[in-house]
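> This is the content of entry-v1.cif (mmCIF, C-alpha atoms):
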data_structure
#
loop_
_atom_site.label_atom_id
_atom_site.label_comp_id
_atom_site.auth_asym_id
_atom_site.auth_seq_id
_atom_site.Cartn_x
_atom_site.Cartn_y
_atom_site.Cartn_z
CA MET V 1379 84.32 62.37 -142.01
CA PHE V 1380 85.97 59.21 -143.36
CA ILE V 1381 83.55 57.12 -145.43
CA LYS V 1382 84.52 53.71 -146.76
CA ILE V 1383 83.24 53.75 -150.31
CA SER V 1384 84.71 50.28 -150.78
CA GLU V 1385 82.30 48.99 -148.11
CA GLN V 1386 79.17 50.59 -149.52
CA THR V 1387 76.33 48.41 -150.82
CA SER V 1388 76.73 46.98 -154.32
CA LEU V 1389 74.95 48.72 -157.17
CA TYR V 1390 73.44 45.33 -158.01
CA ASN V 1391 71.00 43.27 -155.98
CA ASP V 1392 69.64 39.71 -155.90
CA LEU V 1393 72.87 38.38 -157.38
CA GLU V 1394 71.87 34.78 -156.75
CA LYS V 1395 68.83 35.25 -159.02
CA LYS V 1396 70.86 36.42 -162.00
CA SER V 1397 71.97 34.19 -164.84
CA VAL V 1398 75.66 33.40 -165.23
CA LEU V 1399 75.74 35.70 -168.28
CA GLU V 1400 74.21 38.57 -166.30
CA ILE V 1401 76.73 38.11 -163.48
CA LEU V 1402 79.66 38.11 -165.88
CA GLU V 1403 78.39 41.14 -167.80
CA ASN V 1404 77.77 43.04 -164.56
CA ILE V 1405 81.26 42.29 -163.25
CA ASN V 1406 82.77 43.36 -166.57
CA THR V 1407 80.78 46.61 -166.48
CA GLU V 1408 82.19 47.38 -163.06
CA ASP V 1409 85.71 46.39 -164.08
CA GLN V 1410 85.66 48.97 -166.86
CA LYS V 1411 85.63 51.68 -164.20
CA ILE V 1412 88.98 50.57 -162.78
CA ALA V 1413 91.35 51.85 -165.46
CA ILE V 1414 89.68 55.27 -165.35
CA ALA V 1415 90.07 55.43 -161.57
CA VAL V 1416 93.74 54.45 -161.87
CA ARG V 1417 94.32 56.99 -164.63
CA ASP V 1418 93.12 59.74 -162.28
CA THR V 1419 95.93 58.86 -159.85
CA ILE V 1420 98.80 59.11 -162.37
CA PRO V 1421 100.02 62.47 -160.98
CA GLN V 1422 100.46 60.87 -157.55
CA ILE V 1423 102.10 57.75 -159.01
CA GLU V 1424 104.48 59.96 -161.01
CA LYS V 1425 105.38 61.92 -157.87
CA LEU V 1426 106.13 58.68 -156.03
CA VAL V 1427 108.19 57.09 -158.81
CA THR V 1428 110.31 60.20 -159.33
CA GLN V 1429 111.18 60.16 -155.63
CA ILE V 1430 111.87 56.41 -155.54
CA ILE V 1431 114.35 56.39 -158.43
CA PRO V 1432 117.11 58.51 -156.84
CA ARG V 1433 116.70 56.61 -153.58
CA MET V 1434 117.14 53.25 -155.30
CA LYS V 1435 120.19 54.55 -157.15
CA LYS V 1436 121.68 55.08 -153.70
CA GLY V 1437 120.87 51.52 -152.66
CA GLY V 1438 117.34 52.10 -151.42
CA ARG V 1439 114.58 49.51 -151.48
CA ILE V 1440 110.80 49.41 -151.84
CA PHE V 1441 108.78 47.79 -149.06
CA TYR V 1442 105.16 46.86 -149.72
CA MET V 1443 103.00 46.34 -146.64
CA GLY V 1444 99.46 44.97 -146.53
CA ALA V 1445 97.08 42.40 -145.13
CA GLY V 1446 94.92 39.82 -146.89
CA THR V 1447 94.49 40.42 -150.62
CA SER V 1448 96.43 43.68 -150.44
CA GLY V 1449 99.38 42.00 -148.77
CA ARG V 1450 99.34 39.13 -151.25
CA LEU V 1451 99.39 41.53 -154.20
CA GLY V 1452 102.40 43.32 -152.73
CA VAL V 1453 104.26 40.04 -152.28
CA LEU V 1454 103.29 39.03 -155.83
CA ASP V 1455 104.63 42.22 -157.40
CA ALA V 1456 107.85 42.01 -155.40
CA SER V 1457 108.37 38.37 -156.36
CA GLU V 1458 108.15 39.20 -160.07
CA ILE V 1459 110.98 41.74 -160.06
CA PRO V 1460 113.94 39.28 -160.03
CA PRO V 1461 112.77 37.09 -162.95
CA THR V 1462 111.49 40.01 -165.01
CA PHE V 1463 114.29 42.51 -164.50
CA GLY V 1464 117.17 40.42 -163.20
CA MET V 1465 117.32 42.33 -159.91
CA PRO V 1466 118.08 40.68 -156.56
CA PRO V 1467 115.04 39.82 -154.40
CA THR V 1468 116.24 42.23 -151.72
CA LEU V 1469 115.33 45.40 -153.65
CA VAL V 1470 111.52 45.13 -153.68
CA ILE V 1471 110.18 43.36 -150.60
CA GLY V 1472 106.59 42.42 -149.85
CA LEU V 1473 105.55 42.12 -146.22
CA ILE V 1474 102.15 40.70 -145.30
CA ALA V 1475 100.44 40.71 -141.92
CA GLY V 1476 100.76 37.22 -140.48
CA GLY V 1477 103.86 36.35 -142.51
CA ASP V 1478 104.14 33.79 -145.28
CA THR V 1479 101.39 31.65 -143.75
CA ALA V 1480 98.96 34.44 -144.62
CA LEU V 1481 99.74 34.07 -148.32
CA ARG V 1482 97.50 30.99 -148.44
CA ASN V 1483 95.52 31.08 -145.21
CA PRO V 1484 94.04 33.89 -143.12
CA VAL V 1485 95.90 34.58 -139.88
CA GLU V 1486 93.51 35.67 -137.15
CA ASN V 1487 93.94 39.26 -135.90
CA ALA V 1488 97.31 39.65 -137.68
CA GLU V 1489 96.32 42.92 -139.32
CA ASP V 1490 95.09 44.48 -136.05
CA ASN V 1491 98.57 44.87 -134.54
CA THR V 1492 99.88 48.44 -134.98
CA SER V 1493 103.47 47.77 -133.93
CA ILE V 1494 104.55 44.55 -135.63
CA GLY V 1495 104.84 46.11 -139.10
CA TRP V 1496 107.50 48.57 -137.96
CA GLN V 1497 109.30 45.79 -136.10
CA GLU V 1498 109.47 43.82 -139.35
CA LEU V 1499 110.89 46.84 -141.16
CA LEU V 1500 113.54 47.24 -138.46
CA GLU V 1501 114.52 43.60 -138.99
CA HIS V 1502 115.30 44.58 -142.59
CA HIS V 1503 117.46 47.48 -141.32
CA ILE V 1504 115.30 50.07 -143.03
CA ASP V 1505 116.89 53.47 -143.68
CA LYS V 1506 116.19 56.84 -145.32
CA ASN V 1507 116.97 55.60 -148.82
CA ASP V 1508 114.07 53.14 -148.60
CA THR V 1509 110.39 53.65 -149.45
CA VAL V 1510 107.43 52.13 -147.61
CA ILE V 1511 104.19 51.70 -149.58
CA GLY V 1512 101.11 50.67 -147.63
CA ILE V 1513 98.37 48.80 -149.49
CA ALA V 1514 94.84 48.58 -148.08
CA ALA V 1515 91.55 48.96 -149.90
CA SER V 1516 89.90 50.23 -146.72
CA GLY V 1517 92.73 52.59 -145.84
CA ALA V 1518 92.25 51.60 -142.22
CA THR V 1519 94.45 48.52 -141.63
CA PRO V 1520 96.29 48.98 -138.29
CA TYR V 1521 99.28 46.83 -139.37
CA VAL V 1522 99.90 49.18 -142.27
CA ILE V 1523 99.06 52.44 -140.53
CA GLY V 1524 101.44 51.73 -137.65
CA ALA V 1525 104.31 50.93 -139.99
CA LEU V 1526 103.71 54.03 -142.12
CA HIS V 1527 103.53 56.25 -139.05
CA GLU V 1528 106.87 55.07 -137.67
CA ALA V 1529 108.52 55.14 -141.09
CA ARG V 1530 107.45 58.72 -141.66
CA GLU V 1531 108.58 59.72 -138.17
CA ASN V 1532 111.99 58.36 -139.08
CA GLY V 1533 112.29 60.38 -142.28
CA ILE V 1534 111.47 57.53 -144.67
CA LEU V 1535 109.39 58.18 -147.81
CA THR V 1536 105.89 56.75 -147.37
CA ALA V 1537 103.03 56.17 -149.78
CA CYS V 1538 99.77 54.27 -149.82
CA ILE V 1539 97.36 52.68 -152.26
CA THR V 1540 93.73 52.72 -151.15
CA SER V 1541 90.19 52.73 -152.55
CA ASN V 1542 88.85 55.35 -150.15
CA PRO V 1543 89.55 59.09 -150.00
CA GLY V 1544 90.78 60.75 -146.82
CA SER V 1545 91.62 57.51 -145.03
CA PRO V 1546 93.65 57.15 -141.81
CA MET V 1547 96.32 55.40 -143.88
CA ALA V 1548 96.56 58.36 -146.27
CA GLU V 1549 97.16 60.65 -143.31
CA GLU V 1550 100.36 58.71 -142.57
CA ALA V 1551 101.57 58.77 -146.19
CA ASP V 1552 103.63 61.43 -147.93
CA ILE V 1553 101.92 60.42 -151.17
CA ALA V 1554 98.40 58.98 -151.21
CA ILE V 1555 97.29 57.05 -154.30
CA GLU V 1556 93.52 56.84 -153.99
CA THR V 1557 91.88 54.68 -156.68
CA ILE V 1558 88.19 55.38 -156.16
CA VAL V 1559 86.63 52.41 -157.94
CA GLY V 1560 83.29 52.56 -156.10
CA PRO V 1561 81.33 49.81 -154.34
CA GLU V 1562 82.27 46.22 -155.14
CA TYR V 1563 79.97 43.93 -157.14
CA VAL V 1564 79.75 41.68 -154.10
CA THR V 1565 79.43 44.19 -151.27
CA GLY V 1566 82.74 44.69 -149.47
CA SER V 1567 84.66 42.11 -151.55
CA SER V 1568 87.78 44.19 -152.09
CA ARG V 1569 89.53 41.30 -153.84
CA MET V 1570 87.56 42.45 -156.90
CA LYS V 1571 87.79 46.05 -158.20
CA SER V 1572 90.01 47.31 -155.40
CA GLY V 1573 92.42 44.41 -155.81
CA THR V 1574 92.58 44.89 -159.57
CA ALA V 1575 93.29 48.59 -159.14
CA GLN V 1576 96.07 47.79 -156.66
CA LYS V 1577 97.65 45.33 -159.10
CA MET V 1578 97.56 47.93 -161.87
CA VAL V 1579 99.20 50.60 -159.70
CA LEU V 1580 101.87 48.21 -158.44
CA ASN V 1581 102.68 47.25 -162.04
CA MET V 1582 103.00 50.92 -162.94
CA ILE V 1583 105.28 51.74 -160.01
CA THR V 1584 107.81 48.94 -160.38
CA THR V 1585 107.79 48.81 -164.18
CA SER V 1586 108.46 52.54 -164.51
CA VAL V 1587 111.13 52.41 -161.80
CA MET V 1588 112.90 49.47 -163.43
CA ILE V 1589 112.81 51.11 -166.86
CA LYS V 1590 114.40 54.28 -165.46
CA LEU V 1591 117.01 52.19 -163.66
CA GLY V 1592 118.09 50.79 -167.03
CA ARG V 1593 116.63 47.30 -166.70
CA VAL V 1594 114.76 47.54 -170.04
CA LYS V 1595 116.21 48.34 -173.47
CA GLY V 1596 113.90 49.50 -176.22
CA ASN V 1597 110.88 47.56 -175.07
CA LYS V 1598 112.65 44.32 -174.14
CA MET V 1599 113.30 42.60 -170.80
CA VAL V 1600 117.02 42.34 -171.54
CA ASN V 1601 117.88 41.46 -167.92
CA MET V 1602 115.27 38.74 -167.34
CA GLN V 1603 116.35 35.53 -165.65
CA LEU V 1604 116.64 32.52 -167.96
CA SER V 1605 114.65 30.28 -165.64
CA ASN V 1606 112.88 28.16 -168.26
CA GLN V 1607 112.94 27.26 -171.95
CA LYS V 1608 110.27 29.83 -172.83
CA LEU V 1609 112.47 32.63 -171.50
CA VAL V 1610 115.58 31.22 -173.17
CA ASP V 1611 113.68 31.22 -176.45
CA ARG V 1612 112.43 34.77 -175.87
CA GLY V 1613 115.94 35.97 -175.06
CA THR V 1614 117.39 34.21 -178.08
CA ARG V 1615 114.89 35.90 -180.38
CA MET V 1616 115.77 39.27 -178.83
CA ILE V 1617 119.42 38.70 -179.70
CA VAL V 1618 118.54 37.57 -183.22
CA GLU V 1619 116.57 40.80 -183.70
CA GLU V 1620 119.27 43.00 -182.17
CA LEU V 1621 122.38 41.47 -183.74
CA GLY V 1622 121.15 39.64 -186.82
CA LEU V 1623 122.71 36.34 -185.72
CA THR V 1624 121.31 32.93 -186.55
CA TYR V 1625 119.05 31.45 -183.89
CA SER V 1626 121.62 28.81 -182.86
CA LYS V 1627 124.46 31.32 -182.53
CA ALA V 1628 122.24 33.74 -180.63
CA LYS V 1629 121.18 30.99 -178.21
CA ALA V 1630 124.77 29.92 -177.61
CA LEU V 1631 125.74 33.53 -176.92
CA LEU V 1632 122.82 33.97 -174.52
CA LEU V 1633 123.58 30.83 -172.54
CA MET V 1634 127.25 31.78 -172.36
CA HIS V 1635 126.57 35.20 -170.81
CA GLY V 1636 123.33 34.56 -168.90
CA SER V 1637 121.27 37.57 -170.02
CA VAL V 1638 120.35 39.35 -173.23
CA LYS V 1639 122.05 42.56 -172.13
CA LYS V 1640 125.32 40.88 -171.21
CA ALA V 1641 125.31 38.84 -174.42
CA VAL V 1642 124.68 41.85 -176.63
CA ASP V 1643 127.23 44.00 -174.80
CA ALA V 1644 129.86 41.28 -175.02
CA TYR V 1645 129.21 40.70 -178.72
CA LYS V 1646 129.34 44.40 -179.59
CA GLY V 1647 132.43 44.86 -177.49
CA GLN V 1648 134.25 42.15 -179.41
CA SER V 1649 132.99 43.48 -182.77
CA PRO V 1650 133.18 40.02 -184.38
CA PRO V 1651 132.62 39.59 -188.13
CA THR V 1652 129.01 39.33 -189.30
CA PRO V 1653 127.98 35.65 -189.33
#
Would you write out, as structure tokens, the structure that this file holds?


Amino acid sequence: MFIKISEQTSLYNDLEKKSVLEILENINTEDQKIAIAVRDTIPQIEKLVTQIIPRMKKGGRIFYMGAGTSGRLGVLDASEIPPTFGMPPTLVIGLIAGGDTALRNPVENAEDNTSIGWQELLEHHIDKNDTVIGIAASGATPYVIGALHEARENGILTACITSNPGSPMAEEADIAIETIVGPEYVTGSSRMKSGTAQKMVLNMITTSVMIKLGRVKGNKMVNMQLSNQKLVDRGTRMIVEELGLTYSKAKALLLMHGSVKKAVDAYKGQSPPTP
């Protein structure tokens, strides 16, 4: 029998009678359970990442699918890949029930449609090199379940991130990542522990994939986009550390080539004299 742990009654009561300090301490106590729950899912995350990497090397993409908070977190993670790793925005794509409007405002009944998710994937010309990852704390969102079902029927790798064991969504996933964080502090408010767990798992998936695709060197974001002065400064300091150049020469080299990796490769390829 499928039981929604994420919907069970909070372990705390009379929240409105508590002091601000008590509320904050209680939330923090609950939050400490999240990392442990995520740690328990590492074998499933590893299985997923090791299957994604060869697919992406063949041109495959990752599609995140969710509704509400879950959908927003998928879109957020996808949107951070280009600036962080210098990859095009077409490689990790976040789809949310109700479209971009739902990023800021709820769209009535959008998540209850079982067919529209697959239609959206077809619009992106999904194929067998791609991966579809459903995100839903409840594990019962029709928008996600329908898309996962059709994707799996068409031989596409499917996975899910949920806060409940044995969910209908997990049944449609090749790999189920079940972060069992327990009842929320405010009963049913899955934007809290469930959402934090989802964010942690999404970070783990894309960061590990990008590292194995060669988008990180040492521990540096050598392919990050130079979209502001903070990132130009960070990139310049990376080049100073790597090549031993002065700050001004490193910055000029960075701006000339557009990324730390390209600047370092070009400099080493030319083997210029030490400044």

> Point out the residue among V:Pro1466, V:Lys1640, V:Tyr1563, V:Gln1422 with the least atom-to-atom distance to Leu1402 of chain V, counting all atoms listed in the file.

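The shortest atom-to-atom distance to Leu1402 of chain V comes from V:Tyr1563.
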
> Env of segment 1526-1531 of chain V: 7 Å cut, atoms = all atoms listed in the file, seq-sep filter 4 positions within chain, self excluded. Answer as an MDAnalysis selection string.

chainID V and resid 1496 1510 1512 1522 1535:1536 1550:1551

> As a check of understanding, name the residues that the PyMOL selection byres ((chain V and resi 1515) around 9) selects in the supplied structure, as JSON, numbers by chain.

{"V": [1384, 1448, 1513, 1514, 1516, 1517, 1518, 1519, 1539, 1540, 1541, 1542, 1557, 1568, 1569, 1572, 1573, 1576]}

> When the PyMOL selection byres ((chain V and resi 1446) around 12) is applied to the file above, which residues end up in the set, as JSON, numbers by chain?

{"V": [1443, 1444, 1445, 1447, 1448, 1449, 1450, 1451, 1452, 1453, 1473, 1474, 1475, 1476, 1477, 1478, 1479, 1480, 1481, 1482, 1483, 1484, 1485, 1486, 1487, 1488, 1489, 1490, 1513, 1514, 1515, 1516, 1519, 1521, 1522, 1567, 1568, 1569, 1573]}

> Evaluate the PyMOL selection byres ((chain V and resi 1588) around 12) here and jot the selected residues down as a CSV table (one decimal) with C-alpha atoms, in the frame of the given file.


chain,number,residue,atom,x,y,z
V,1427,VAL,CA,108.2,57.1,-158.8
V,1428,THR,CA,110.3,60.2,-159.3
V,1430,ILE,CA,111.9,56.4,-155.5
V,1431,ILE,CA,114.4,56.4,-158.4
V,1432,PRO,CA,117.1,58.5,-156.8
V,1434,MET,CA,117.1,53.2,-155.3
V,1435,LYS,CA,120.2,54.6,-157.2
V,1440,ILE,CA,110.8,49.4,-151.8
V,1458,GLU,CA,108.2,39.2,-160.1
V,1459,ILE,CA,111.0,41.7,-160.1
V,1460,PRO,CA,113.9,39.3,-160.0
V,1462,THR,CA,111.5,40.0,-165.0
V,1463,PHE,CA,114.3,42.5,-164.5
V,1464,GLY,CA,117.2,40.4,-163.2
V,1465,MET,CA,117.3,42.3,-159.9
V,1469,LEU,CA,115.3,45.4,-153.6
V,1470,VAL,CA,111.5,45.1,-153.7
V,1581,ASN,CA,102.7,47.2,-162.0
V,1582,MET,CA,103.0,50.9,-162.9
V,1583,ILE,CA,105.3,51.7,-160.0
V,1584,THR,CA,107.8,48.9,-160.4
V,1585,THR,CA,107.8,48.8,-164.2
V,1586,SER,CA,108.5,52.5,-164.5
V,1587,VAL,CA,111.1,52.4,-161.8
V,1589,ILE,CA,112.8,51.1,-166.9
V,1590,LYS,CA,114.4,54.3,-165.5
V,1591,LEU,CA,117.0,52.2,-163.7
V,1592,GLY,CA,118.1,50.8,-167.0
V,1593,ARG,CA,116.6,47.3,-166.7
V,1594,VAL,CA,114.8,47.5,-170.0
V,1595,LYS,CA,116.2,48.3,-173.5
V,1597,ASN,CA,110.9,47.6,-175.1
V,1598,LYS,CA,112.6,44.3,-174.1
V,1599,MET,CA,113.3,42.6,-170.8
V,1600,VAL,CA,117.0,42.3,-171.5
V,1601,ASN,CA,117.9,41.5,-167.9
V,1602,MET,CA,115.3,38.7,-167.3

> Just the number, please: distance in Å from atom CA of Ile1412 of chain V to atom CA of Gln1386 of chain V, one decimal.

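Calculated distance between atom CA of Ile1412 of chain V and atom CA of Gln1386 of chain V is 16.5 Å.
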
> Looking at V:Lys1577, V:Ser1626, V:Lys1646, V:His1635, which one is nearest to Ala1413 of chain V, with distances taken over only C-alpha atoms?

V:Lys1577

> From the set V:Thr1574, V:Ser1493, V:Ser1545, V:Asn1406, which residue has the shortest atom-to-atom contact distance to Val1559 of chain V, counting all atoms listed in the file?

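Distance minimum relative to Val1559 of chain V lands on V:Thr1574.
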
> State, in Å with one decimal place, the distance from atom CA of Leu1632 of chain V to atom CA of Ser1457 of chain V.

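Answer for the atom CA of Leu1632 of chain V to atom CA of Ser1457 of chain V separation: 23.6 Å.
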
> Measure the distance from atom CA of Arg1417 of chain V to atom CA of Glu1400 of chain V in Å and round it to one decimal.

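So the answer is 27.3 Å.
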
> Using all atoms listed in the file, collect all residues at a distance of at most 8 Å from (91.0, 63.1, -150.8) as written in the file, then present them as a ChimeraX atom specification.

/V:1543-1544,1556

> Have a look at V:Thr1468, V:Ser1388, V:Gln1429, V:Ser1637 and name the one nearest to Lys1506 of chain V; count all atoms listed in the file.

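Of all the options, V:Gln1429 lies closest to Lys1506 of chain V.
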